[in-house]
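Here is the structure we will look at.
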Amino acid sequence: IANNLADAKINLRDGATAELSANVLTARPEWFADVRKSDFQLAPTAAAAIDQARPMKDVPDDWEGRSRKEGSAPDAGALEYSNRRSKRK
């Protein structure tokens with residue numbers, strides 16, 4: 001389980017085991033563009049998540065099709081931080 005962005009610990013259940021890597025578990029609402037409108041684009045205030053994930057060759061793009069090569073490393077979570085507007089509306 002790698003590169004996730006969450007606001008709490010990842011809990012394993014039913015006796016499961018997992019290797020956890022590069023997860024950021026301290027997310028705050030102000031890290032996102034507009035939580036009330038379900039706009040979870042990373043905001044500049046998400047410095048603790050930006051460039052904090054590990055590269056994964058099987059995941060070259062984010063959920064919206066942006067390259068994970070936007071900065072010095074991928075960002076934690078589903079969306080790569082970018083000054084550009086989202087491709088999805």
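Just remember, in the structure tokens the first chain shown is A, the second B, etc., residues are 1-based per chain, and ligands are 1-based in the order shown.
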Which residues come within 12 Å of Gln41 of chain A, counting only C-alpha atoms, excluding same-chain residues fewer than 5 positions away, as an MDAnalysis selection string? chainID A and resid 5 29:35 46 49:50 62:64 66 75:89
Put those residues in a file: C-alpha atoms, as a PDB file, in the first residue's frame.
ATOM      1  CA  LEU A   5      -2.961  10.532   1.051  1.00  0.00           C
ATOM      2  CA  PRO A  29      -8.841  20.061   4.348  1.00  0.00           C
ATOM      3  CA  GLU A  30      -6.759  23.119   3.460  1.00  0.00           C
ATOM      4  CA  TRP A  31      -4.460  20.916   1.381  1.00  0.00           C
ATOM      5  CA  PHE A  32      -7.185  20.653  -1.280  1.00  0.00           C
ATOM      6  CA  ALA A  33      -8.665  23.164  -3.730  1.00  0.00           C
ATOM      7  CA  ASP A  34     -12.269  23.029  -2.428  1.00  0.00           C
ATOM      8  CA  VAL A  35     -13.328  20.153  -0.198  1.00  0.00           C
ATOM      9  CA  ALA A  46      -0.170  20.500   0.565  1.00  0.00           C
ATOM     10  CA  ALA A  49       2.190  15.581   0.132  1.00  0.00           C
ATOM     11  CA  ILE A  50       3.792  17.253  -2.906  1.00  0.00           C
ATOM     12  CA  ASP A  62      -2.485  10.552 -11.980  1.00  0.00           C
ATOM     13  CA  TRP A  63      -6.259   9.962 -11.826  1.00  0.00           C
ATOM     14  CA  GLU A  64      -6.829  12.821 -14.270  1.00  0.00           C
ATOM     15  CA  ARG A  66      -1.399  14.194 -15.716  1.00  0.00           C
ATOM     16  CA  ASP A  75       2.822  13.427  -5.108  1.00  0.00           C
ATOM     17  CA  ALA A  76       1.013  11.346  -2.508  1.00  0.00           C
ATOM     18  CA  GLY A  77      -2.616  10.684  -3.378  1.00  0.00           C
ATOM     19  CA  ALA A  78      -4.596  10.294  -6.582  1.00  0.00           C
ATOM     20  CA  LEU A  79      -3.833  13.705  -8.075  1.00  0.00           C
ATOM     21  CA  GLU A  80      -0.537  15.322  -8.985  1.00  0.00           C
ATOM     22  CA  TYR A  81      -0.227  18.965  -7.925  1.00  0.00           C
ATOM     23  CA  SER A  82      -0.246  21.306 -10.889  1.00  0.00           C
ATOM     24  CA  ASN A  83      -0.813  24.989 -11.541  1.00  0.00           C
ATOM     25  CA  ARG A  84      -2.782  23.899 -14.619  1.00  0.00           C
ATOM     26  CA  ARG A  85      -6.533  23.358 -14.482  1.00  0.00           C
ATOM     27  CA  SER A  86      -7.926  19.842 -14.241  1.00  0.00           C
ATOM     28  CA  LYS A  87      -8.577  17.904 -17.452  1.00  0.00           C
ATOM     29  CA  ARG A  88     -11.839  16.571 -15.979  1.00  0.00           C
ATOM     30  CA  LYS A  89     -14.840  18.782 -15.328  1.00  0.00           C
TER      31      LYS A  89
END
Selection near Ile10 of chain A, 9 Å with only C-alpha atoms, sequence-local residues under 3 positions removed, as a PyMOL selection string: chain A and resi 1+6+20+23+25
Deliver the residues from the most recent selection as a file, using N, CA, C and O atoms, as an mmCIF file, in the first residue's frame.
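Final output, saved to part-v6.cif:
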data_model
loop_
_atom_site.group_PDB
_atom_site.id
_atom_site.type_symbol
_atom_site.label_atom_id
_atom_site.label_comp_id
_atom_site.auth_asym_id
_atom_site.auth_seq_id
_atom_site.Cartn_x
_atom_site.Cartn_y
_atom_site.Cartn_z
ATOM 1 N N ILE A 1 0.874 -1.148 0.000
ATOM 2 C CA ILE A 1 0.000 0.000 0.000
ATOM 3 C C ILE A 1 0.920 1.209 0.000
ATOM 4 O O ILE A 1 1.637 1.456 0.967
ATOM 5 N N ALA A 6 -4.092 10.404 3.174
ATOM 6 C CA ALA A 6 -5.238 10.193 4.062
ATOM 7 C C ALA A 6 -5.073 11.052 5.310
ATOM 8 O O ALA A 6 -4.011 11.622 5.556
ATOM 9 N N LEU A 20 3.640 -1.136 3.809
ATOM 10 C CA LEU A 20 3.240 0.262 3.684
ATOM 11 C C LEU A 20 4.446 1.090 3.282
ATOM 12 O O LEU A 20 5.536 0.919 3.832
ATOM 13 N N ASN A 23 3.233 6.626 2.308
ATOM 14 C CA ASN A 23 1.886 7.139 2.538
ATOM 15 C C ASN A 23 1.971 8.396 3.408
ATOM 16 O O ASN A 23 2.776 8.454 4.331
ATOM 17 N N LEU A 25 -0.216 10.441 5.954
ATOM 18 C CA LEU A 25 -1.426 10.187 6.743
ATOM 19 C C LEU A 25 -1.840 11.368 7.619
ATOM 20 O O LEU A 25 -2.530 11.202 8.613
#
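Each of A:Arg28, A:Ala22, A:Lys57, A:Gly15 was compared to Ala43 of chain A using only C-alpha atoms, and A:Arg28 turns out to be the nearest.
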From the DSSP assignment of the backbone, select every residue of segment 18-77 of chain A that is strand (DSSP E), and format the answer as a PDB file with all heavy atoms, in the first residue's frame.
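Produced file out-v6.pdb, reproduced below:
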ATOM      1  N   PHE A  32      -6.438  20.907  -0.043  1.00  0.00           N
ATOM      2  CA  PHE A  32      -7.185  20.653  -1.280  1.00  0.00           C
ATOM      3  C   PHE A  32      -7.838  21.933  -1.787  1.00  0.00           C
ATOM      4  O   PHE A  32      -8.133  22.848  -1.016  1.00  0.00           O
ATOM      5  CB  PHE A  32      -8.239  19.574  -1.027  1.00  0.00           C
ATOM      6  CG  PHE A  32      -7.639  18.301  -0.524  1.00  0.00           C
ATOM      7  CD1 PHE A  32      -7.646  18.007   0.828  1.00  0.00           C
ATOM      8  CD2 PHE A  32      -7.031  17.409  -1.387  1.00  0.00           C
ATOM      9  CE1 PHE A  32      -7.070  16.846   1.314  1.00  0.00           C
ATOM     10  CE2 PHE A  32      -6.449  16.244  -0.915  1.00  0.00           C
ATOM     11  CZ  PHE A  32      -6.465  15.957   0.438  1.00  0.00           C
ATOM     12  N   ALA A  33      -8.108  21.968  -3.092  1.00  0.00           N
ATOM     13  CA  ALA A  33      -8.665  23.164  -3.730  1.00  0.00           C
ATOM     14  C   ALA A  33      -9.987  23.594  -3.104  1.00  0.00           C
ATOM     15  O   ALA A  33     -10.148  24.757  -2.730  1.00  0.00           O
ATOM     16  CB  ALA A  33      -8.834  22.921  -5.224  1.00  0.00           C
ATOM     17  N   ASP A  34     -10.957  22.678  -2.984  1.00  0.00           N
ATOM     18  CA  ASP A  34     -12.269  23.029  -2.428  1.00  0.00           C
ATOM     19  C   ASP A  34     -12.994  21.769  -1.971  1.00  0.00           C
ATOM     20  O   ASP A  34     -13.759  21.170  -2.720  1.00  0.00           O
ATOM     21  CB  ASP A  34     -13.108  23.776  -3.459  1.00  0.00           C
ATOM     22  CG  ASP A  34     -14.324  24.453  -2.847  1.00  0.00           C
ATOM     23  OD1 ASP A  34     -14.778  24.040  -1.750  1.00  0.00           O
ATOM     24  OD2 ASP A  34     -14.835  25.398  -3.463  1.00  0.00           O
ATOM     25  N   ASP A  39     -13.651  19.060  -4.720  1.00  0.00           N
ATOM     26  CA  ASP A  39     -12.516  19.326  -5.591  1.00  0.00           C
ATOM     27  C   ASP A  39     -11.250  19.003  -4.796  1.00  0.00           C
ATOM     28  O   ASP A  39     -10.801  19.804  -3.985  1.00  0.00           O
ATOM     29  CB  ASP A  39     -12.514  20.780  -6.052  1.00  0.00           C
ATOM     30  CG  ASP A  39     -11.380  21.093  -7.015  1.00  0.00           C
ATOM     31  OD1 ASP A  39     -10.493  20.238  -7.217  1.00  0.00           O
ATOM     32  OD2 ASP A  39     -11.381  22.205  -7.564  1.00  0.00           O
ATOM     33  N   PHE A  40     -10.725  17.815  -5.024  1.00  0.00           N
ATOM     34  CA  PHE A  40      -9.585  17.341  -4.252  1.00  0.00           C
ATOM     35  C   PHE A  40      -8.255  17.528  -4.961  1.00  0.00           C
ATOM     36  O   PHE A  40      -7.285  16.823  -4.690  1.00  0.00           O
ATOM     37  CB  PHE A  40      -9.805  15.882  -3.838  1.00  0.00           C
ATOM     38  CG  PHE A  40     -10.982  15.740  -2.918  1.00  0.00           C
ATOM     39  CD1 PHE A  40     -12.180  15.205  -3.368  1.00  0.00           C
ATOM     40  CD2 PHE A  40     -10.906  16.181  -1.614  1.00  0.00           C
ATOM     41  CE1 PHE A  40     -13.272  15.094  -2.519  1.00  0.00           C
ATOM     42  CE2 PHE A  40     -12.000  16.085  -0.753  1.00  0.00           C
ATOM     43  CZ  PHE A  40     -13.186  15.537  -1.210  1.00  0.00           C
ATOM     44  N   GLN A  41      -8.192  18.513  -5.876  1.00  0.00           N
ATOM     45  CA  GLN A  41      -6.913  18.902  -6.452  1.00  0.00           C
ATOM     46  C   GLN A  41      -6.026  19.374  -5.311  1.00  0.00           C
ATOM     47  O   GLN A  41      -6.496  20.079  -4.407  1.00  0.00           O
ATOM     48  CB  GLN A  41      -7.105  20.061  -7.432  1.00  0.00           C
ATOM     49  CG  GLN A  41      -7.907  19.736  -8.650  1.00  0.00           C
ATOM     50  CD  GLN A  41      -7.133  18.890  -9.628  1.00  0.00           C
ATOM     51  OE1 GLN A  41      -5.919  19.032  -9.766  1.00  0.00           O
ATOM     52  NE2 GLN A  41      -7.820  17.986 -10.278  1.00  0.00           N
ATOM     53  N   LEU A  42      -4.762  19.017  -5.341  1.00  0.00           N
ATOM     54  CA  LEU A  42      -3.857  19.496  -4.307  1.00  0.00           C
ATOM     55  C   LEU A  42      -3.657  20.996  -4.446  1.00  0.00           C
ATOM     56  O   LEU A  42      -3.530  21.519  -5.551  1.00  0.00           O
ATOM     57  CB  LEU A  42      -2.507  18.783  -4.403  1.00  0.00           C
ATOM     58  CG  LEU A  42      -2.504  17.306  -4.043  1.00  0.00           C
ATOM     59  CD1 LEU A  42      -1.111  16.721  -4.272  1.00  0.00           C
ATOM     60  CD2 LEU A  42      -2.945  17.089  -2.608  1.00  0.00           C
TER      61      LEU A  42
END
Closest of A:Asn4, A:Pro44, A:Pro74, A:Asn11 to Thr26 of chain A - atom-to-atom distances counting only C-alpha atoms: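 Closest to Thr26 of chain A of all the choices is A:Asn4.
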